[in-house]
>>> print(open('structure-v9.pdb').read())   # PDB, C-alpha atoms and all ligand atoms
MODEL        1
ATOM      1  CA  MET A 423      21.989  17.867  11.515
ATOM      2  CA  ALA A 424      21.093  15.291   8.830
ATOM      3  CA  ILE A 425      19.119  12.235   9.816
ATOM      4  CA  ASP A 426      20.435   8.736   9.324
ATOM      5  CA  ALA A 427      17.603   7.724   7.001
ATOM      6  CA  GLN A 428      18.978   4.249   6.407
ATOM      7  CA  ALA A 429      19.089   3.447  10.121
ATOM      8  CA  VAL A 430      15.486   4.573  10.593
ATOM      9  CA  GLN A 431      14.303   2.627   7.538
ATOM     10  CA  ASP A 432      16.209  -0.481   8.637
ATOM     11  CA  HIS A 433      14.586  -0.273  12.055
ATOM     12  CA  TYR A 434      11.023  -0.127  10.677
ATOM     13  CA  ARG A 435      11.357  -2.361   7.590
ATOM     14  CA  GLN A 436       9.356  -5.566   7.896
ATOM     15  CA  PRO A 437       9.403  -7.926   4.895
ATOM     16  CA  ALA A 438       6.081  -9.071   3.393
ATOM     17  CA  LEU A 439       4.104  -6.916   5.822
ATOM     18  CA  PHE A 440       1.140  -6.356   3.507
ATOM     19  CA  ASP A 441       0.739 -10.088   2.868
ATOM     20  CA  ALA A 442       0.949 -10.802   6.606
ATOM     21  CA  ILE A 443      -1.770  -8.193   7.307
ATOM     22  CA  VAL A 444      -4.053  -9.561   4.586
ATOM     23  CA  ALA A 445      -3.571 -13.120   5.865
ATOM     24  CA  ALA A 446      -4.403 -11.999   9.420
ATOM     25  CA  LEU A 447      -7.536 -10.180   8.202
ATOM     26  CA  ALA A 448      -8.656 -13.314   6.362
ATOM     27  CA  ARG A 449      -7.976 -15.431   9.449
ATOM     28  CA  ALA A 450     -10.106 -12.993  11.481
ATOM     29  CA  GLY A 451     -12.966 -13.569   9.026
ATOM     30  CA  LYS A 452     -12.888 -10.068   7.488
ATOM     31  CA  ASP A 453     -14.316  -9.682   4.000
ATOM     32  CA  LEU A 454     -11.631  -7.737   2.121
ATOM     33  CA  ALA A 455     -14.231  -6.344  -0.282
ATOM     34  CA  GLN A 456     -16.050  -4.699   2.639
ATOM     35  CA  LEU A 457     -13.044  -3.582   4.678
ATOM     36  CA  VAL A 458     -13.331  -0.306   6.636
ATOM     37  CA  ALA A 459     -10.625   1.754   8.362
ATOM     38  CA  ASP A 460     -11.638   0.494  11.823
ATOM     39  CA  ASP A 461     -10.905  -3.124  10.818
ATOM     40  CA  LEU A 462      -7.202  -2.254  10.501
ATOM     41  CA  ALA A 463      -6.808  -0.456  13.829
ATOM     42  CA  PRO A 464      -5.110  -3.360  15.673
ATOM     43  CA  VAL A 465      -2.171  -3.156  13.246
ATOM     44  CA  ASP A 466      -2.040   0.307  11.677
ATOM     45  CA  GLU A 467      -2.006   2.553  14.770
ATOM     46  CA  PHE A 468       1.706   2.371  15.594
ATOM     47  CA  HIS A 469       2.005   4.341  18.840
ATOM     48  CA  ASN A 470       1.200   4.025  22.540
ATOM     49  CA  ARG A 471      -2.384   2.858  23.113
ATOM     50  CA  GLY A 472      -3.203   2.591  19.393
ATOM     51  CA  ARG A 473      -6.592   3.813  18.183
ATOM     52  CA  PRO A 474      -7.821   5.191  21.556
ATOM     53  CA  ALA A 475      -4.823   7.573  21.602
ATOM     54  CA  THR A 476      -5.652   8.733  18.067
ATOM     55  CA  VAL A 477      -9.280   9.320  19.048
ATOM     56  CA  GLU A 478      -8.161  11.369  22.077
ATOM     57  CA  LEU A 479      -5.733  13.488  20.068
ATOM     58  CA  ALA A 480      -8.390  14.073  17.405
ATOM     59  CA  ARG A 481     -10.818  15.253  20.098
ATOM     60  CA  LEU A 482      -8.165  17.638  21.373
ATOM     61  CA  LEU A 483      -7.738  18.968  17.831
ATOM     62  CA  ASP A 484     -11.467  18.902  16.975
ATOM     63  CA  PRO A 485     -10.966  19.007  13.197
ATOM     64  CA  THR A 486     -13.755  20.063  10.861
ATOM     65  CA  GLY A 487     -14.605  18.436   7.533
ATOM     66  CA  GLY A 488     -12.568  19.366   4.509
ATOM     67  CA  LEU A 489      -9.408  20.307   6.404
ATOM     68  CA  ARG A 490      -6.176  19.595   4.529
ATOM     69  CA  VAL A 491      -4.086  17.452   6.871
ATOM     70  CA  LEU A 492      -0.455  16.362   6.562
ATOM     71  CA  ASP A 493       0.265  13.233   8.637
ATOM     72  CA  LEU A 494       4.008  13.529   9.142
ATOM     73  CA  GLY A 495       5.608  10.127   9.751
ATOM     74  CA  CYS A 496       2.317   8.420   8.887
ATOM     75  CA  GLY A 497       3.562   4.838   9.203
ATOM     76  CA  LEU A 498       0.937   2.436   7.835
ATOM     77  CA  GLY A 499      -1.641   5.241   7.604
ATOM     78  CA  GLY A 500      -4.094   4.231  10.332
ATOM     79  CA  PRO A 501      -4.467   7.731  11.822
ATOM     80  CA  ALA A 502      -4.708   9.236   8.315
ATOM     81  CA  ARG A 503      -7.555   6.897   7.338
ATOM     82  CA  HIS A 504      -9.279   7.519  10.672
ATOM     83  CA  LEU A 505      -9.147  11.329  10.258
ATOM     84  CA  ALA A 506     -10.571  11.003   6.750
ATOM     85  CA  GLN A 507     -13.295   8.559   7.751
ATOM     86  CA  ALA A 508     -14.352  10.124  11.069
ATOM     87  CA  TYR A 509     -13.890  13.846  10.277
ATOM     88  CA  GLY A 510     -13.997  14.168   6.486
ATOM     89  CA  CYS A 511     -10.420  15.473   6.347
ATOM     90  CA  ARG A 512      -8.344  15.296   3.180
ATOM     91  CA  VAL A 513      -5.128  13.651   4.383
ATOM     92  CA  THR A 514      -1.668  13.302   2.869
ATOM     93  CA  GLY A 515       0.686  10.970   4.699
ATOM     94  CA  LEU A 516       4.462  11.265   4.392
ATOM     95  CA  ASP A 517       6.893   8.725   5.788
ATOM     96  CA  LEU A 518      10.603   8.027   5.559
ATOM     97  CA  THR A 519      10.220   4.227   5.347
ATOM     98  CA  PRO A 520       9.376   3.220   1.745
ATOM     99  CA  GLU A 521       7.832  -0.125   2.739
ATOM    100  CA  PHE A 522       5.419   1.602   5.125
ATOM    101  CA  VAL A 523       4.361   4.063   2.407
ATOM    102  CA  ALA A 524       3.698   1.207  -0.012
ATOM    103  CA  VAL A 525       1.684  -0.765   2.560
ATOM    104  CA  ALA A 526      -0.211   2.393   3.603
ATOM    105  CA  ALA A 527      -1.303   2.972  -0.010
ATOM    106  CA  ARG A 528      -2.374  -0.643  -0.503
ATOM    107  CA  LEU A 529      -4.368  -0.670   2.754
ATOM    108  CA  THR A 530      -6.057   2.587   1.682
ATOM    109  CA  ALA A 531      -7.066   0.935  -1.588
ATOM    110  CA  LEU A 532      -8.584  -1.910   0.444
ATOM    111  CA  THR A 533     -10.690   0.567   2.468
ATOM    112  CA  ARG A 534     -11.572   2.464  -0.741
ATOM    113  CA  GLN A 535     -10.331   5.787   0.639
ATOM    114  CA  GLU A 536      -7.969   6.781  -2.202
ATOM    115  CA  ASP A 537     -10.078   9.883  -2.903
ATOM    116  CA  SER A 538      -9.414  11.334   0.533
ATOM    117  CA  VAL A 539      -6.058   9.845   1.608
ATOM    118  CA  ASP A 540      -2.771   9.643  -0.272
ATOM    119  CA  PHE A 541       0.835   8.943   0.657
ATOM    120  CA  CYS A 542       4.366   9.816  -0.345
ATOM    121  CA  GLN A 543       7.828   8.820   0.776
ATOM    122  CA  GLY A 544      10.003  11.581   2.182
ATOM    123  CA  ASP A 545      11.802  13.152   5.104
ATOM    124  CA  ALA A 546       9.861  15.221   7.640
ATOM    125  CA  LEU A 547      12.813  17.632   7.736
ATOM    126  CA  ALA A 548      12.548  18.520   4.032
ATOM    127  CA  THR A 549       9.073  17.791   2.688
ATOM    128  CA  PRO A 550       8.124  18.366  -0.973
ATOM    129  CA  PHE A 551       5.138  20.585  -0.120
ATOM    130  CA  ALA A 552       4.701  24.275  -0.868
ATOM    131  CA  ALA A 553       4.557  26.743   2.021
ATOM    132  CA  ALA A 554       1.156  27.089   3.723
ATOM    133  CA  SER A 555      -0.249  23.947   1.997
ATOM    134  CA  PHE A 556      -1.993  22.488   5.036
ATOM    135  CA  ASP A 557      -4.516  23.448   7.712
ATOM    136  CA  VAL A 558      -3.203  20.795  10.092
ATOM    137  CA  VAL A 559       0.040  18.908  10.556
ATOM    138  CA  TRP A 560      -0.587  15.735  12.523
ATOM    139  CA  SER A 561       2.320  13.684  13.833
ATOM    140  CA  GLN A 562       2.144  10.796  16.268
ATOM    141  CA  ASN A 563       5.265   9.240  17.794
ATOM    142  CA  VAL A 564       7.701  10.340  15.119
ATOM    143  CA  ALA A 565       9.893  13.066  16.647
ATOM    144  CA  MET A 566      11.619  10.447  18.834
ATOM    145  CA  ASN A 567      13.590   9.503  15.694
ATOM    146  CA  ILE A 568      14.559  13.108  14.918
ATOM    147  CA  ALA A 569      17.471  14.872  16.636
ATOM    148  CA  ASP A 570      17.123  18.199  14.842
ATOM    149  CA  ARG A 571      13.919  19.402  16.427
ATOM    150  CA  ALA A 572      14.455  23.040  15.434
ATOM    151  CA  ARG A 573      14.466  21.983  11.788
ATOM    152  CA  LEU A 574      11.490  19.643  12.244
ATOM    153  CA  TYR A 575       9.294  22.295  13.874
ATOM    154  CA  ALA A 576      10.429  24.933  11.345
ATOM    155  CA  GLU A 577       9.382  22.628   8.487
ATOM    156  CA  ILE A 578       6.023  21.977  10.142
ATOM    157  CA  ARG A 579       5.512  25.712  10.529
ATOM    158  CA  ARG A 580       6.493  26.316   6.899
ATOM    159  CA  VAL A 581       3.879  23.923   5.435
ATOM    160  CA  LEU A 582       1.089  25.177   7.745
ATOM    161  CA  ARG A 583      -1.030  28.136   6.734
ATOM    162  CA  PRO A 584      -1.079  31.019   9.238
ATOM    163  CA  GLY A 585      -3.510  29.993  11.955
ATOM    164  CA  GLY A 586      -3.016  26.312  11.106
ATOM    165  CA  ARG A 587      -2.484  23.763  13.851
ATOM    166  CA  TYR A 588       0.074  21.112  14.727
ATOM    167  CA  ALA A 589      -1.302  18.082  16.625
ATOM    168  CA  LEU A 590       1.246  15.730  18.105
ATOM    169  CA  SER A 591       1.845  12.833  20.381
ATOM    170  CA  ASP A 592       5.364  12.188  21.531
ATOM    171  CA  VAL A 593       7.380  10.049  23.869
ATOM    172  CA  VAL A 594       9.501  12.263  26.137
ATOM    173  CA  THR A 595      12.168  11.563  28.725
ATOM    174  CA  GLY A 596      10.790  10.781  32.171
ATOM    175  CA  THR A 597      11.859  12.042  35.566
ATOM    176  CA  ALA A 598      14.396   9.235  36.184
ATOM    177  CA  ALA A 599      17.957   9.777  35.081
ATOM    178  CA  GLY A 600      19.781   7.229  32.955
ATOM    179  CA  ASP A 601      19.422   5.381  29.681
ATOM    180  CA  LEU A 602      16.311   3.613  28.451
ATOM    181  CA  HIS A 603      16.029  -0.137  28.210
ATOM    182  CA  TYR A 604      16.186  -1.182  24.535
ATOM    183  CA  PRO A 605      14.829  -2.252  22.078
ATOM    184  CA  MET A 606      11.943   0.202  22.047
ATOM    185  CA  PRO A 607       9.260   0.622  19.346
ATOM    186  CA  TRP A 608      11.157   3.436  17.576
ATOM    187  CA  ALA A 609      14.774   2.346  18.119
ATOM    188  CA  ARG A 610      16.823  -0.727  18.896
ATOM    189  CA  GLY A 611      19.471   1.345  20.662
ATOM    190  CA  PRO A 612      20.254   4.845  21.957
ATOM    191  CA  GLU A 613      21.935   6.030  18.724
ATOM    192  CA  ALA A 614      18.540   6.175  16.935
ATOM    193  CA  SER A 615      16.554   7.601  19.849
ATOM    194  CA  HIS A 616      16.307  11.364  20.313
ATOM    195  CA  LEU A 617      13.937  12.043  23.193
ATOM    196  CA  LEU A 618      13.580  15.455  24.783
ATOM    197  CA  SER A 619      11.978  16.207  28.121
ATOM    198  CA  SER A 620       8.412  17.457  28.137
ATOM    199  CA  ASP A 621       9.612  20.991  28.955
ATOM    200  CA  ALA A 622      12.305  20.976  26.267
ATOM    201  CA  THR A 623       9.749  19.749  23.708
ATOM    202  CA  ARG A 624       7.392  22.603  24.618
ATOM    203  CA  ARG A 625      10.181  25.154  24.411
ATOM    204  CA  ALA A 626      11.381  23.877  21.020
ATOM    205  CA  ILE A 627       7.853  24.025  19.562
ATOM    206  CA  GLU A 628       7.251  27.526  20.933
ATOM    207  CA  ALA A 629      10.649  28.730  19.708
ATOM    208  CA  ALA A 630       9.659  27.677  16.169
ATOM    209  CA  GLY A 631       6.729  30.117  16.167
ATOM    210  CA  PHE A 632       3.836  28.221  17.732
ATOM    211  CA  SER A 633       1.683  28.886  20.750
ATOM    212  CA  LEU A 634       0.510  25.803  22.615
ATOM    213  CA  VAL A 635      -3.256  25.548  22.981
ATOM    214  CA  ALA A 636      -3.351  22.098  24.628
ATOM    215  CA  TRP A 637      -0.718  20.057  26.447
ATOM    216  CA  GLU A 638      -1.673  16.765  28.135
ATOM    217  CA  ASP A 639       0.540  14.324  29.981
ATOM    218  CA  THR A 640      -0.852  10.904  29.005
ATOM    219  CA  THR A 641       1.860   8.840  30.700
ATOM    220  CA  ALA A 642      -0.510   7.255  33.235
ATOM    221  CA  SER A 643      -2.816   6.005  30.461
ATOM    222  CA  ALA A 644       0.160   4.669  28.501
ATOM    223  CA  ARG A 645       1.401   2.801  31.564
ATOM    224  CA  ALA A 646      -2.053   1.376  32.363
ATOM    225  CA  ALA A 647      -2.420   0.118  28.788
ATOM    226  CA  ALA A 648       1.073  -1.417  28.824
ATOM    227  CA  GLU A 649       0.304  -3.132  32.145
ATOM    228  CA  LYS A 650      -2.885  -4.586  30.687
ATOM    229  CA  ARG A 651      -0.860  -6.089  27.842
ATOM    230  CA  GLU A 652       1.831  -7.533  30.152
ATOM    231  CA  GLY A 653       2.423 -11.212  29.439
ATOM    232  CA  VAL A 654      -0.271 -11.351  26.739
ATOM    233  CA  VAL A 655       0.999 -13.386  23.805
ATOM    234  CA  PRO A 656      -0.809 -12.572  20.541
ATOM    235  CA  PRO A 657      -2.197 -15.700  18.841
ATOM    236  CA  PRO A 658       0.036 -16.689  15.890
ATOM    237  CA  GLY A 659      -0.974 -14.894  12.696
ATOM    238  CA  SER A 660      -3.386 -12.530  14.456
ATOM    239  CA  LEU A 661      -3.782  -8.899  13.445
ATOM    240  CA  GLY A 662      -1.583  -6.795  15.688
ATOM    241  CA  LEU A 663       1.586  -4.749  16.065
ATOM    242  CA  GLN A 664       3.628  -7.949  16.369
ATOM    243  CA  LEU A 665       3.341  -8.113  12.562
ATOM    244  CA  VAL A 666       5.065  -4.700  12.375
ATOM    245  CA  LEU A 667       7.647  -5.189  15.120
ATOM    246  CA  GLY A 668       8.564  -8.787  14.247
ATOM    247  CA  SER A 669      10.559 -11.031  16.530
ATOM    248  CA  ASP A 670      11.504  -8.141  18.863
ATOM    249  CA  PHE A 671       7.849  -7.637  19.796
ATOM    250  CA  PRO A 672       7.987  -9.382  23.215
ATOM    251  CA  ALA A 673      11.206  -7.569  24.227
ATOM    252  CA  ILE A 674       9.844  -4.218  23.032
ATOM    253  CA  GLY A 675       6.602  -4.672  24.982
ATOM    254  CA  ALA A 676       8.507  -5.597  28.139
ATOM    255  CA  ASN A 677      10.924  -2.668  27.794
ATOM    256  CA  LEU A 678       8.141  -0.185  27.105
ATOM    257  CA  LEU A 679       6.437  -1.178  30.339
ATOM    258  CA  ARG A 680       9.711  -1.220  32.287
ATOM    259  CA  ASN A 681      10.688   2.241  31.041
ATOM    260  CA  LEU A 682       7.231   3.564  31.983
ATOM    261  CA  ARG A 683       7.315   1.935  35.431
ATOM    262  CA  GLU A 684      10.798   3.289  36.111
ATOM    263  CA  SER A 685       9.770   6.802  34.958
ATOM    264  CA  ARG A 686      12.400   6.753  32.218
ATOM    265  CA  ILE A 687       9.839   7.895  29.644
ATOM    266  CA  GLY A 688       6.605   9.861  29.535
ATOM    267  CA  VAL A 689       3.999  10.502  26.835
ATOM    268  CA  VAL A 690       2.422  13.809  25.827
ATOM    269  CA  HIS A 691      -0.419  14.878  23.542
ATOM    270  CA  ALA A 692      -0.501  18.476  22.365
ATOM    271  CA  VAL A 693      -1.970  20.952  19.922
ATOM    272  CA  ALA A 694      -0.040  24.059  18.876
ATOM    273  CA  LEU A 695      -1.219  27.063  16.878
ATOM    274  CA  ARG A 696       0.985  28.448  14.112
ATOM    275  CA  ALA A 697       1.515  32.131  14.741
TER     276      ALA A 697
HETATM  277  C1  LIG B   1       6.364   4.703  15.681
HETATM  278  S1  LIG B   1       6.020   4.960  13.985
HETATM  279  C2  LIG B   1       4.519   5.935  14.039
HETATM  280  C3  LIG B   1       3.727   5.830  12.758
HETATM  281  C4  LIG B   1       2.403   6.607  12.745
HETATM  282  N1  LIG B   1       2.609   8.015  13.038
HETATM  283  C5  LIG B   1       1.418   6.038  13.729
HETATM  284  O1  LIG B   1       1.260   6.626  14.791
HETATM  285  O2  LIG B   1       0.814   4.985  13.419
HETATM  286  C6  LIG B   1       7.222   6.215  13.556
HETATM  287  C7  LIG B   1       7.228   6.539  12.063
HETATM  288  O3  LIG B   1       8.020   7.705  11.859
HETATM  289  C8  LIG B   1       8.666   7.560  10.612
HETATM  290  N2  LIG B   1       9.797   8.499  10.592
HETATM  291  C9  LIG B   1      10.879   8.524  11.408
HETATM  292  N3  LIG B   1      11.695   9.531  11.071
HETATM  293  C10 LIG B   1      11.124  10.165  10.022
HETATM  294  C11 LIG B   1      11.482  11.286   9.222
HETATM  295  N4  LIG B   1      12.627  11.962   9.408
HETATM  296  N5  LIG B   1      10.649  11.659   8.234
HETATM  297  C12 LIG B   1       9.491  10.997   8.011
HETATM  298  N6  LIG B   1       9.106   9.913   8.727
HETATM  299  C13 LIG B   1       9.909   9.506   9.712
HETATM  300  C14 LIG B   1       9.049   6.096  10.571
HETATM  301  O4  LIG B   1       9.336   5.673   9.270
HETATM  302  C15 LIG B   1       7.802   5.457  11.180
HETATM  303  O5  LIG B   1       6.870   5.132  10.194
ENDMDL
END
>>> encode(input="structure-v9.pdb", output="structure tokens")
Amino acid sequence: MAIDAQAVQDHYRQPALFDAIVAALARAGKDLAQLVADDLAPVDEFHNRGRPATVELARLLDPTGGLRVLDLGCGLGGPARHLAQAYGCRVTGLDLTPEFVAVAARLTALTRQEDSVDFCQGDALATPFAAASFDVVWSQNVAMNIADRARLYAEIRRVLRPGGRYALSDVVTGTAAGDLHYPMPWARGPEASHLLSSDATRRAIEAAGFSLVAWEDTTASARAAAEKREGVVPPPGSLGLQLVLGSDFPAIGANLLRNLRESRIGVVHAVALRA
């Protein structure tokens, strides 16, 4: 099944995002000439719980220096820059949304990490990379936009070398029946949202030729973090995900918490080994 690329890109597109981020950094007193990856974490970690979730997934993966990593659906490149800075990985980020790819590259220039992190625009279902090009495929909160999971996991397997690993975080359906409340961070309505249950996600990954080496349900942490943010209004012009999500930010935050409280969604972290 083909993806509706335009719908995904329209959902994530945010005009003048780079300028808004730079203005927020300046307002926060950051010296752009001395910027480091950590300075960007409030805005460039676009998934539940932001940087702490990336740190946890990286610990689960335990990457060594020099690994070739593909960050599939890299967004603004926060996790990619973190993996390069904290673990010495060589990271390529690929994302469907052209504006995100452009901003990711410009932010990477600001943190002077162009030697270890690069980006390209493309579809996770048909990447431009040769077979067995990567030691790790890393993908946080992307599969929710992708209906054809068999094709996604087959493509991930194809670009991984034998013995390579796939590290993922994903939103999954919860135990409650019924639709989600929208808008959500990855979709403004059900037509663009393709969640599987935790069990179905596991089965689809295993069926593609992986064995799971770690599987963690992080729903409770996601809910606790969302509860902590409840009712918090970011100061105008501050560095945060409201710059990425735009005017829907308050509704998205409220729906995320409501869907977690009503057990309509869950969150998993996992690492799978390519057979
Ligand atoms: C919620 S954001 C997560 C971004 C990033 N992984 C992070 O955690 O900061 C989801 C990203 O997936 C990308 N995406 C969705 N479908 C995709 C596809 N078929 N191929 C590549 N990227 C895709 C979107 O453009 C968006 O940047």
>>> residues_near_ligand(input="structure-v9.pdb", ligand="ligand LIG 1 (chain B)", cutoff="8 Å", atoms="all atoms listed in the file", output="PyMOL selection string")
chain A and resi 425+427+430-431+434+466-469+472+476+493-501+516-520+522+543-547+561-568+607-608
>>> write_last_selection(input="structure-v9.pdb", atoms="C-alpha atoms", output="PDB file, keeping the file's coordinate frame")
ATOM      1  CA  ILE A 425      19.119  12.235   9.816  1.00  0.00           C
ATOM      2  CA  ALA A 427      17.603   7.724   7.001  1.00  0.00           C
ATOM      3  CA  VAL A 430      15.486   4.573  10.593  1.00  0.00           C
ATOM      4  CA  GLN A 431      14.303   2.627   7.538  1.00  0.00           C
ATOM      5  CA  TYR A 434      11.023  -0.127  10.677  1.00  0.00           C
ATOM      6  CA  ASP A 466      -2.040   0.307  11.677  1.00  0.00           C
ATOM      7  CA  GLU A 467      -2.006   2.553  14.770  1.00  0.00           C
ATOM      8  CA  PHE A 468       1.706   2.371  15.594  1.00  0.00           C
ATOM      9  CA  HIS A 469       2.005   4.341  18.840  1.00  0.00           C
ATOM     10  CA  GLY A 472      -3.203   2.591  19.393  1.00  0.00           C
ATOM     11  CA  THR A 476      -5.652   8.733  18.067  1.00  0.00           C
ATOM     12  CA  ASP A 493       0.265  13.233   8.637  1.00  0.00           C
ATOM     13  CA  LEU A 494       4.008  13.529   9.142  1.00  0.00           C
ATOM     14  CA  GLY A 495       5.608  10.127   9.751  1.00  0.00           C
ATOM     15  CA  CYS A 496       2.317   8.420   8.887  1.00  0.00           C
ATOM     16  CA  GLY A 497       3.562   4.838   9.203  1.00  0.00           C
ATOM     17  CA  LEU A 498       0.937   2.436   7.835  1.00  0.00           C
ATOM     18  CA  GLY A 499      -1.641   5.241   7.604  1.00  0.00           C
ATOM     19  CA  GLY A 500      -4.094   4.231  10.332  1.00  0.00           C
ATOM     20  CA  PRO A 501      -4.467   7.731  11.822  1.00  0.00           C
ATOM     21  CA  LEU A 516       4.462  11.265   4.392  1.00  0.00           C
ATOM     22  CA  ASP A 517       6.893   8.725   5.788  1.00  0.00           C
ATOM     23  CA  LEU A 518      10.603   8.027   5.559  1.00  0.00           C
ATOM     24  CA  THR A 519      10.220   4.227   5.347  1.00  0.00           C
ATOM     25  CA  PRO A 520       9.376   3.220   1.745  1.00  0.00           C
ATOM     26  CA  PHE A 522       5.419   1.602   5.125  1.00  0.00           C
ATOM     27  CA  GLN A 543       7.828   8.820   0.776  1.00  0.00           C
ATOM     28  CA  GLY A 544      10.003  11.581   2.182  1.00  0.00           C
ATOM     29  CA  ASP A 545      11.802  13.152   5.104  1.00  0.00           C
ATOM     30  CA  ALA A 546       9.861  15.221   7.640  1.00  0.00           C
ATOM     31  CA  LEU A 547      12.813  17.632   7.736  1.00  0.00           C
ATOM     32  CA  SER A 561       2.320  13.684  13.833  1.00  0.00           C
ATOM     33  CA  GLN A 562       2.144  10.796  16.268  1.00  0.00           C
ATOM     34  CA  ASN A 563       5.265   9.240  17.794  1.00  0.00           C
ATOM     35  CA  VAL A 564       7.701  10.340  15.119  1.00  0.00           C
ATOM     36  CA  ALA A 565       9.893  13.066  16.647  1.00  0.00           C
ATOM     37  CA  MET A 566      11.619  10.447  18.834  1.00  0.00           C
ATOM     38  CA  ASN A 567      13.590   9.503  15.694  1.00  0.00           C
ATOM     39  CA  ILE A 568      14.559  13.108  14.918  1.00  0.00           C
ATOM     40  CA  PRO A 607       9.260   0.622  19.346  1.00  0.00           C
ATOM     41  CA  TRP A 608      11.157   3.436  17.576  1.00  0.00           C
TER      42      TRP A 608
END
>>> closest_residue(input="structure-v9.pdb", among="A:Pro656, A:Gly451, A:Pro612, A:Gly596", to="A:Gly668", atoms="all atoms listed in the file")
A:Pro656
>>> resolve_selection(input="structure-v9.pdb", expression="the PyMOL selection byres (((chain A and resi 675) around 10) and not hetatm)", output="mmCIF file with C-alpha atoms, in the frame of the given file")
data_model
loop_
_atom_site.group_PDB
_atom_site.id
_atom_site.type_symbol
_atom_site.label_atom_id
_atom_site.label_comp_id
_atom_site.auth_asym_id
_atom_site.auth_seq_id
_atom_site.Cartn_x
_atom_site.Cartn_y
_atom_site.Cartn_z
ATOM 1 C CA PRO A 605 14.829 -2.252 22.078
ATOM 2 C CA MET A 606 11.943 0.202 22.047
ATOM 3 C CA PRO A 607 9.260 0.622 19.346
ATOM 4 C CA ALA A 648 1.073 -1.417 28.824
ATOM 5 C CA GLU A 649 0.304 -3.132 32.145
ATOM 6 C CA ARG A 651 -0.860 -6.089 27.842
ATOM 7 C CA GLU A 652 1.831 -7.533 30.152
ATOM 8 C CA GLY A 653 2.423 -11.212 29.439
ATOM 9 C CA VAL A 654 -0.271 -11.351 26.739
ATOM 10 C CA GLN A 664 3.628 -7.949 16.369
ATOM 11 C CA LEU A 667 7.647 -5.189 15.120
ATOM 12 C CA ASP A 670 11.504 -8.141 18.863
ATOM 13 C CA PHE A 671 7.849 -7.637 19.796
ATOM 14 C CA PRO A 672 7.987 -9.382 23.215
ATOM 15 C CA ALA A 673 11.206 -7.569 24.227
ATOM 16 C CA ILE A 674 9.844 -4.218 23.032
ATOM 17 C CA ALA A 676 8.507 -5.597 28.139
ATOM 18 C CA ASN A 677 10.924 -2.668 27.794
ATOM 19 C CA LEU A 678 8.141 -0.185 27.105
ATOM 20 C CA LEU A 679 6.437 -1.178 30.339
ATOM 21 C CA ARG A 680 9.711 -1.220 32.287
#
>>> atom_distance(input="structure-v9.pdb", atom1="atom CA of A:Val491", atom2="atom CA of A:Val558")
4.7 Å
>>> residues_around(input="structure-v9.pdb", residues="A:Thr623", least_positions_apart="2", cutoff="12 Å", atoms="all atoms listed in the file", output="VMD selection string")
chain A and resid 565 to 566 569 to 572 574 to 575 590 to 595 616 to 621 625 to 630 632 634 637 688 to 692 694
>>> write_last_selection(input="structure-v9.pdb", atoms="C-alpha atoms", output="short mmCIF file (atom, residue, chain, number, x, y, z; two decimals), in the coordinates of the input")
data_model
loop_
_atom_site.label_atom_id
_atom_site.label_comp_id
_atom_site.auth_asym_id
_atom_site.auth_seq_id
_atom_site.Cartn_x
_atom_site.Cartn_y
_atom_site.Cartn_z
CA ALA A 565 9.89 13.07 16.65
CA MET A 566 11.62 10.45 18.83
CA ALA A 569 17.47 14.87 16.64
CA ASP A 570 17.12 18.20 14.84
CA ARG A 571 13.92 19.40 16.43
CA ALA A 572 14.46 23.04 15.43
CA LEU A 574 11.49 19.64 12.24
CA TYR A 575 9.29 22.30 13.87
CA LEU A 590 1.25 15.73 18.10
CA SER A 591 1.84 12.83 20.38
CA ASP A 592 5.36 12.19 21.53
CA VAL A 593 7.38 10.05 23.87
CA VAL A 594 9.50 12.26 26.14
CA THR A 595 12.17 11.56 28.72
CA HIS A 616 16.31 11.36 20.31
CA LEU A 617 13.94 12.04 23.19
CA LEU A 618 13.58 15.46 24.78
CA SER A 619 11.98 16.21 28.12
CA SER A 620 8.41 17.46 28.14
CA ASP A 621 9.61 20.99 28.96
CA ARG A 625 10.18 25.15 24.41
CA ALA A 626 11.38 23.88 21.02
CA ILE A 627 7.85 24.02 19.56
CA GLU A 628 7.25 27.53 20.93
CA ALA A 629 10.65 28.73 19.71
CA ALA A 630 9.66 27.68 16.17
CA PHE A 632 3.84 28.22 17.73
CA LEU A 634 0.51 25.80 22.62
CA TRP A 637 -0.72 20.06 26.45
CA GLY A 688 6.60 9.86 29.54
CA VAL A 689 4.00 10.50 26.84
CA VAL A 690 2.42 13.81 25.83
CA HIS A 691 -0.42 14.88 23.54
CA ALA A 692 -0.50 18.48 22.36
CA ALA A 694 -0.04 24.06 18.88
#
>>> closest_residue(input="structure-v9.pdb", among="A:Asp601, A:Gly586, A:Val693, A:Ile443", to="A:Glu478", atoms="all atoms listed in the file")
A:Val693
>>> resolve_selection(input="structure-v9.pdb", expression="the PyMOL selection byres (((chain A and resi 530) around 12) and not hetatm)", output="JSON, numbers by chain")
{"A": [440, 454, 457, 458, 459, 460, 461, 462, 466, 498, 499, 500, 501, 502, 503, 504, 506, 507, 513, 514, 515, 523, 524, 525, 526, 527, 528, 529, 531, 532, 533, 534, 535, 536, 537, 538, 539, 540, 541]}
>>> closest_residue(input="structure-v9.pdb", among="A:Ile687, A:Leu661, A:Lys452, A:Arg610", to="A:Asp639", atoms="all atoms listed in the file")
A:Ile687
>>> resolve_selection(input="structure-v9.pdb", expression="the PyMOL selection byres (((chain A and resi 437) around 10) and not hetatm)", output="count of residues only")
12
>>> closest_residue(input="structure-v9.pdb", among="A:Ala599, A:Arg580, A:Cys542, A:Arg471", to="A:Arg645", atoms="all atoms listed in the file")
A:Arg471
>>> atom_distance(input="structure-v9.pdb", atom1="atom CA of A:Arg686", atom2="atom CA of A:Thr597")
6.3 Å
>>> decode(input="structure-v9.pdb", residues="stretch 486-490 of chain A", atoms="C-alpha atoms", output="CSV table (one decimal), in the first residue's frame")
chain,number,residue,atom,x,y,z
A,486,THR,CA,29.4,1.7,20.4
A,487,GLY,CA,31.4,4.5,18.7
A,488,GLY,CA,31.7,4.4,14.9
A,489,LEU,CA,28.4,2.6,14.3
A,490,ARG,CA,26.6,3.6,11.1
